Every structure is written in structure tokens, then in C-alpha cells.
Amino acid sequence: MSLPDLIEIVPLEKPVHAEITVPGSKSITNRAFVLAALADGETTLQGALWSEDTQVMVECLQDLGFMVNVAPDPNEVCNRTITVYGQGGKVPRGGTVEQPLELFVGNAGTAARFLAAMVCLGEDVYRLHGVPRMHERPQAALFQALRQLGYQIDSPNDKLPALIHGSGPKPGTKCTVSIEESSQFASALLLGARVGGWQISITEENAEESPYVVMTSELVKVFPHRGGQFQIEPDASSGSYFWGTGKLVEDPSVPIHLWHPQAKSPPVRLSVTVNDWPNSHWQIDAKFVQVMVDIASRSPSFDSQLFQVETERYGENWMSQPHIRREVEATMIPVNVSRKDGLGDSIMTAITLAPLAFAHFTFTELGRLRVQECERVVALRTELTKCGAKVIEERDTLTVYPSQLHGAEIETYNDHRMAMCFAILGLKVPGIKIKNPACVKKTFPNFFQKLAAPPPGGLGAVILEARTGRRLAMEELFAD
């Protein structure tokens, strides 16, 4: 049985105490696959994410001639223990100009970019292609850098599909790559640089401090290049939904100690937590907890002390009186969050929950969201507005104001993160219906099962088939 094409999330009626396990990091898993394939010998990846994006990468490695063994993970159904048999930097199989080896990358940006650089280390011809949306996504900066290194890349518009002519390592060659549109361009080159002998310069302001470039550089340093074992940490972007839920349905009996967002070691207890939260600092979205609590600290529904003070001043119904809300709101300091160095993909979670806060929020430097699985800036503004939120889009900035929200039928644009963000909103706002919920298979196939499973392993949410009102069983909530 599979997910219906339209589901409804029923708001939680009471506080939840839960400890959620989320699958492994997609970003780390797909980087580790490339490093393992280029390593000397056998590498076992533990806690590797098993979803559409990572399955695409495994299938491509197998098509290239690498042996990859996949075994279940006893701790998480959407993880796997995966053993990759590297061939010492060699890419074993390719094709000819007339019959290139076809590599299908779906809509996986990491697979498309990482494989484009990796197959240059082979000696044959490869054709990378994906779904129509992947053919719209930018590749030019990476292709230009690979050409600087001496590789032939045939693409009339510098996008996929592309024909890549592998010609092996080129020690001492140099290139410059821009990460203005995507940091994955630099990461692709860094993953292959040890074998290729490439010298890479990265351009854009503070390029060397770009969170995902830093992740790649640190991963290359610690990875067992001669084979061995490597543990993949949980996905912080996926964890953001549950940290956000913890504030939406907080139990007043569980104390929360607010802190400044820049504090290094915030003391915090929440009613919903994520197990094994990353502490490597590789994933920028591990900072989501700090940002989320800052959002919570500015909402009277979350801050009982502020709520009590304003209730004593204005009366029991002050929140329903716009002129009083505006007066109180004016005393709150606006919050600014950047996609470039504040949060990664979890900024979408923060944007979706921002209308429930008390001060207005400005989310800046969102340009990269426009060229991902969908045009996410427009999508977020459109769907939040549909729910009654006041959202202003100006250049690459969204400003979100406190709003009275209501239910709506949410278009997901075949974007897994749109589906998950608005599903979390549905735990608070009645009437949220999610179209094409199965798109979560891209990174989190059992996401809706986590919502519906009884605590402490899940949230105990009720999820309905929207057209009939029938409650969906657990086996119907897996996205495949």
C-alpha cells in the first residue's frame, strides 16, 4: 500500500514527549559514496541514508562497475549499512561517443554534480541525465571548472544532459570555481581532487567558509581513504521538523531555558528531541535548535512569562485585538536569518513556522533556494499566503509577519521539503492538506510514519486520506 495523493494532517491535541530517530545525512552519505568509490579497498558506511537520492547514487556507482553491498540497519528502517569496494582511484567502466555509459541522476543535485567530476577520472565517455527539473538546474560553473582542468564536457547550454569525456587524473592542473549558485560545484571538485591531483580555487565572498564546502573539506580529511569503517551522522535538516514540532506542541511542565542565538552551549530541554543530534559541526542545520528557540522566545504562546505580563496589562483576549498585538509586536526586535551562513535547507522549516511567532522575521540570501528541487522562494510565499500568512518577497528575501493561519490544500511542487514543512505546520493549524506527499521519498521515506507512530518513537499524529476522511494505517504512510 502507498500514500494517497492527498492527505490531511490532524493537529495534535495534547503535549507530546518524544525522542525521534531520523535517517542519516543525505549530504554526508552521497559525499561518502564518492570517497569510498575512490578509496583503496573496502569501506563500510554505517548509518547511511537509504532514500531516492542515495539510491540513485548507488545505482550509478554500480553502473560504473563498482561493487556495492547493501544491508539493513537495525536502528533505523531508512538507513543502511553499505559496503563500497573502491578500486584505488580508478573508474572501471564507461562507453564510447557513439554509445556512452548512461547515468541517470533523477533530481539529485549531489549525484549530478559529484558524478560529473568523478567520471572525469575514468577513461571513457559518460552521459549524465535526469528528470526535467534536473535539466533546468545550474551546472555551468562546474563544467567550466572541469574544462579548465583539461576535460571535455559536451553540453550546448551547460546543463544536463551532458556528455563527459573522462581522461584520468591530471596532477598539477588548476581551476577556479564559483559557488554563487551552488556550493556543490566546489564539493564535487574537492571530492575528486586527491585522486585527480587537482588544485582548486573557490570564488565568492567567504567561499572557504561556506558551510557545505567546509563539510566536504573536513570529510575528506577524516575519511578512511585506504578502506575501513565510517559512521554517517543523522540528517540535521530532517531533524529540524521535529525540533520545530517540539515548540509547536510544548508541554508547559517541561522548562525551557532561552538563550541568545550566538551562545555556544545553550541549556535547553524540549518535549520533543532528536536522538544522536550531530556535534561534528559539519552540518549547518545542526544550528536549527538555536534559531528555533529564538523564534519561540518571541512568541507569547510559547513564552508563558511574556504572555502573563501582556495579559495582566491588556486583558485575557489581547492577542485577538490587532491594535494591541501591533503595539506589543513593535517592542519585539525583528529576527534576521540568512540562508548563506545562518541555516541550510532547514531555513524552510523556520520560514514555515515563522507566522506563528510574535515578531516578524526576515529571511535573507535565499537565492540558492530558487534553483533547487523547485523555485522554493516563490513556493513558500505562495503556500504560506494560501494559509493566511502575510509574506513579502523582495529580491532574495522573504519577510514573514505574525499571522492568523487557517487550513489550505498545499501544493508541494514535487519537493520533499515543502511536503515536510507544511506537514509540521498541520500539527498546529487545522485543515492542512498535503498534495503528493510521497515526494518525501527523496530524503525521508518514513517521515509520515514518524509523525504517526506512538510516542516516544513518534508523535502519535492522526493522518487522514483527505478525500474520504479515513485514518491511514502505518503501512500506508511509507513513501515508496
# chains A, B, ... in the order shown; residues from 1 in each chain; ligands from 1
>>> residues_around(residues="range 147-164 of chain A", least_positions_apart="5", cutoff="6 Å", atoms="only C-alpha atoms", output="list of chain:residue names")
A:Val125, A:Tyr126, A:Arg127, A:Leu128, A:His129, A:His135, A:Gln139, A:Ala140, A:Thr173, A:Lys174, A:Cys175
>>> residues_around(residues="Leu190 in chain A", least_positions_apart="4", cutoff="12 Å", atoms="only C-alpha atoms", output="NGL selection string")
:A and (31 or 34-35 or 113-114 or 117-118 or 142 or 145-146 or 175-177 or 183-186 or 194-202 or 208 or 212-221)
>>> write_last_selection(atoms="N, CA and C atoms", output="short mmCIF file (atom, residue, chain, number, x, y, z; two decimals), in the first residue's frame")
data_model
loop_
_atom_site.label_atom_id
_atom_site.label_comp_id
_atom_site.auth_asym_id
_atom_site.auth_seq_id
_atom_site.Cartn_x
_atom_site.Cartn_y
_atom_site.Cartn_z
N ARG A 31 28.42 12.19 -0.32
CA ARG A 31 29.85 12.52 -0.35
C ARG A 31 30.68 11.28 -0.01
N VAL A 34 31.20 8.75 -2.89
CA VAL A 34 32.25 9.10 -3.86
C VAL A 34 33.63 8.79 -3.26
N LEU A 35 33.85 9.21 -2.02
CA LEU A 35 35.15 8.97 -1.39
C LEU A 35 35.42 7.47 -1.24
N ARG A 113 26.18 16.56 -9.63
CA ARG A 113 27.44 17.33 -9.57
C ARG A 113 28.63 16.45 -9.19
N PHE A 114 28.46 15.59 -8.18
CA PHE A 114 29.58 14.77 -7.71
C PHE A 114 30.01 13.77 -8.78
N ALA A 117 32.15 15.27 -11.80
CA ALA A 117 33.59 15.39 -11.56
C ALA A 117 34.25 14.03 -11.45
N MET A 118 33.58 13.08 -10.82
CA MET A 118 34.17 11.77 -10.58
C MET A 118 34.45 11.02 -11.88
N LEU A 142 30.50 24.40 -12.66
CA LEU A 142 31.24 23.15 -12.52
C LEU A 142 31.82 22.71 -13.85
N ALA A 145 34.82 24.77 -14.74
CA ALA A 145 36.00 24.41 -13.95
C ALA A 145 36.62 23.10 -14.45
N LEU A 146 35.80 22.13 -14.79
CA LEU A 146 36.32 20.85 -15.32
C LEU A 146 37.03 21.07 -16.65
N CYS A 175 42.11 25.00 -11.43
CA CYS A 175 40.85 25.56 -11.88
C CYS A 175 40.31 26.51 -10.82
N THR A 176 39.41 27.35 -11.26
CA THR A 176 38.68 28.24 -10.36
C THR A 176 37.20 27.97 -10.54
N VAL A 177 36.50 27.82 -9.42
CA VAL A 177 35.08 27.51 -9.49
C VAL A 177 34.28 28.49 -8.63
N SER A 183 27.12 25.49 -3.79
CA SER A 183 28.40 25.06 -3.21
C SER A 183 28.75 23.64 -3.64
N GLN A 184 27.78 22.90 -4.19
CA GLN A 184 28.04 21.54 -4.64
C GLN A 184 29.08 21.51 -5.76
N PHE A 185 29.23 22.60 -6.50
CA PHE A 185 30.24 22.63 -7.56
C PHE A 185 31.64 22.46 -6.96
N ALA A 186 31.91 23.22 -5.90
CA ALA A 186 33.21 23.10 -5.24
C ALA A 186 33.36 21.75 -4.57
N ARG A 194 41.93 14.58 -4.55
CA ARG A 194 43.02 13.73 -4.05
C ARG A 194 43.49 12.78 -5.14
N VAL A 195 42.56 12.16 -5.84
CA VAL A 195 42.91 11.23 -6.91
C VAL A 195 43.31 11.97 -8.18
N GLY A 196 42.58 13.05 -8.48
CA GLY A 196 42.84 13.77 -9.72
C GLY A 196 44.07 14.63 -9.70
N GLY A 197 44.55 14.98 -8.51
CA GLY A 197 45.71 15.87 -8.42
C GLY A 197 45.35 17.31 -8.74
N TRP A 198 44.09 17.66 -8.60
CA TRP A 198 43.62 18.99 -8.98
C TRP A 198 43.92 20.02 -7.90
N GLN A 199 44.19 21.24 -8.33
CA GLN A 199 44.35 22.39 -7.43
C GLN A 199 43.17 23.32 -7.68
N ILE A 200 42.39 23.58 -6.65
CA ILE A 200 41.10 24.23 -6.81
C ILE A 200 41.07 25.55 -6.06
N SER A 201 40.67 26.60 -6.75
CA SER A 201 40.40 27.89 -6.11
C SER A 201 38.89 28.12 -6.16
N ILE A 202 38.36 28.59 -5.04
CA ILE A 202 36.91 28.78 -4.93
C ILE A 202 36.62 30.26 -4.80
N GLU A 208 35.69 29.99 1.35
CA GLU A 208 36.28 28.90 2.11
C GLU A 208 35.52 28.62 3.41
N TYR A 212 28.81 24.10 3.42
CA TYR A 212 28.87 22.81 2.75
C TYR A 212 30.25 22.54 2.14
N VAL A 213 30.98 23.60 1.81
CA VAL A 213 32.37 23.42 1.37
C VAL A 213 33.22 22.97 2.56
N VAL A 214 32.98 23.58 3.73
CA VAL A 214 33.70 23.17 4.93
C VAL A 214 33.38 21.72 5.27
N MET A 215 32.10 21.33 5.13
CA MET A 215 31.72 19.94 5.38
C MET A 215 32.53 19.00 4.51
N THR A 216 32.63 19.32 3.22
CA THR A 216 33.36 18.46 2.30
C THR A 216 34.83 18.40 2.66
N SER A 217 35.43 19.53 2.93
CA SER A 217 36.86 19.57 3.28
C SER A 217 37.15 18.75 4.53
N GLU A 218 36.31 18.88 5.55
CA GLU A 218 36.51 18.13 6.79
C GLU A 218 36.29 16.64 6.57
N LEU A 219 35.31 16.31 5.75
CA LEU A 219 35.05 14.90 5.45
C LEU A 219 36.23 14.26 4.73
N VAL A 220 36.80 14.97 3.78
CA VAL A 220 37.97 14.46 3.06
C VAL A 220 39.12 14.20 4.02
N LYS A 221 39.28 15.08 5.01
CA LYS A 221 40.39 14.93 5.96
C LYS A 221 40.28 13.67 6.80
#
>>> residues_around(residues="Leu472 in chain A", least_positions_apart="3", cutoff="8 Å", atoms="only C-alpha atoms", output="tab-separated table (two decimals) with N, CA and C atoms, in the first residue's frame")
chain	number	residue	atom	x	y	z
A	462	VAL	N	-2.50	11.90	13.90
A	462	VAL	CA	-3.50	11.27	13.04
A	462	VAL	C	-3.35	11.86	11.65
A	463	ILE	N	-3.23	10.98	10.65
A	463	ILE	CA	-3.10	11.41	9.26
A	463	ILE	C	-4.22	10.76	8.47
A	464	LEU	N	-4.96	11.57	7.73
A	464	LEU	CA	-6.16	11.11	7.03
A	464	LEU	C	-5.95	11.08	5.53
A	465	GLU	N	-6.65	10.17	4.88
A	465	GLU	CA	-6.83	10.29	3.43
A	465	GLU	C	-7.82	11.43	3.22
A	476	GLU	N	0.49	2.36	5.30
A	476	GLU	CA	0.13	3.23	4.17
A	476	GLU	C	0.91	4.54	4.16
A	477	LEU	N	1.70	4.79	5.18
A	477	LEU	CA	2.35	6.07	5.33
A	477	LEU	C	3.81	6.07	4.87
>>> residues_around(residues="Ala350 in chain A", least_positions_apart="5", cutoff="10 Å", atoms="only C-alpha atoms", output="ChimeraX atom specification")
/A:240-241,244,288,291-292,295,337,343,345,355,361,363,421
>>> residues_around(residues="Ala466 in chain A", least_positions_apart="2", cutoff="6 Å", atoms="only C-alpha atoms", output="ChimeraX atom specification")
/A:6-8,464,468-469
>>> write_last_selection(atoms="N, CA and C atoms", output="mmCIF file, in the first residue's frame")
data_model
loop_
_atom_site.group_PDB
_atom_site.id
_atom_site.type_symbol
_atom_site.label_atom_id
_atom_site.label_comp_id
_atom_site.auth_asym_id
_atom_site.auth_seq_id
_atom_site.Cartn_x
_atom_site.Cartn_y
_atom_site.Cartn_z
ATOM 1 N N LEU A 6 -3.410 12.819 -1.714
ATOM 2 C CA LEU A 6 -3.763 13.975 -0.896
ATOM 3 C C LEU A 6 -4.058 13.489 0.515
ATOM 4 N N ILE A 7 -3.321 14.029 1.475
ATOM 5 C CA ILE A 7 -3.531 13.640 2.875
ATOM 6 C C ILE A 7 -3.810 14.875 3.714
ATOM 7 N N GLU A 8 -4.416 14.673 4.864
ATOM 8 C CA GLU A 8 -4.683 15.764 5.801
ATOM 9 C C GLU A 8 -4.019 15.455 7.132
ATOM 10 N N LEU A 464 -4.961 11.570 7.733
ATOM 11 C CA LEU A 464 -6.156 11.109 7.034
ATOM 12 C C LEU A 464 -5.955 11.079 5.531
ATOM 13 N N THR A 468 -11.500 11.084 1.669
ATOM 14 C CA THR A 468 -12.506 10.251 2.331
ATOM 15 C C THR A 468 -12.586 10.479 3.830
ATOM 16 N N GLY A 469 -11.555 11.090 4.425
ATOM 17 C CA GLY A 469 -11.510 11.269 5.859
ATOM 18 C C GLY A 469 -11.094 10.021 6.622
#
>>> residues_around(residues="Ile351 in chain A", least_positions_apart="3", cutoff="8 Å", atoms="only C-alpha atoms", output="PyMOL selection string")
chain A and resi 347-348+354-355+363+380+400
>>> write_last_selection(atoms="N, CA and C atoms", output="PDB file, in the first residue's frame")
ATOM      1  N   ILE A 347      16.164  26.267   6.839  1.00  0.00           N
ATOM      2  CA  ILE A 347      15.573  27.607   6.857  1.00  0.00           C
ATOM      3  C   ILE A 347      14.141  27.554   6.354  1.00  0.00           C
ATOM      4  N   MET A 348      13.824  26.533   5.532  1.00  0.00           N
ATOM      5  CA  MET A 348      12.448  26.370   5.068  1.00  0.00           C
ATOM      6  C   MET A 348      11.521  26.033   6.228  1.00  0.00           C
ATOM      7  N   ALA A 354       7.421  30.596  11.037  1.00  0.00           N
ATOM      8  CA  ALA A 354       7.557  31.994  11.446  1.00  0.00           C
ATOM      9  C   ALA A 354       6.227  32.721  11.649  1.00  0.00           C
ATOM     10  N   PRO A 355       5.165  32.454  10.874  1.00  0.00           N
ATOM     11  CA  PRO A 355       3.903  33.175  11.129  1.00  0.00           C
ATOM     12  C   PRO A 355       3.330  32.917  12.514  1.00  0.00           C
ATOM     13  N   PHE A 363      14.125  36.626   6.264  1.00  0.00           N
ATOM     14  CA  PHE A 363      14.988  35.536   5.815  1.00  0.00           C
ATOM     15  C   PHE A 363      15.701  35.993   4.549  1.00  0.00           C
ATOM     16  N   LEU A 380       7.265  28.843  -1.154  1.00  0.00           N
ATOM     17  CA  LEU A 380       6.993  29.133   0.251  1.00  0.00           C
ATOM     18  C   LEU A 380       6.055  30.330   0.396  1.00  0.00           C
ATOM     19  N   VAL A 400       8.372  37.582   6.917  1.00  0.00           N
ATOM     20  CA  VAL A 400       7.183  36.860   7.370  1.00  0.00           C
ATOM     21  C   VAL A 400       6.694  37.507   8.660  1.00  0.00           C
TER      22      VAL A 400
END
>>> closest_residue(among="A:Glu409, A:Glu375, A:Glu136, A:Glu76", to="Arg467 in chain A", atoms="only C-alpha atoms")
A:Glu409
>>> atom_distance(atom1="CA of Ala39 in chain A", atom2="CA of Val84 in chain A")
9.0 Å
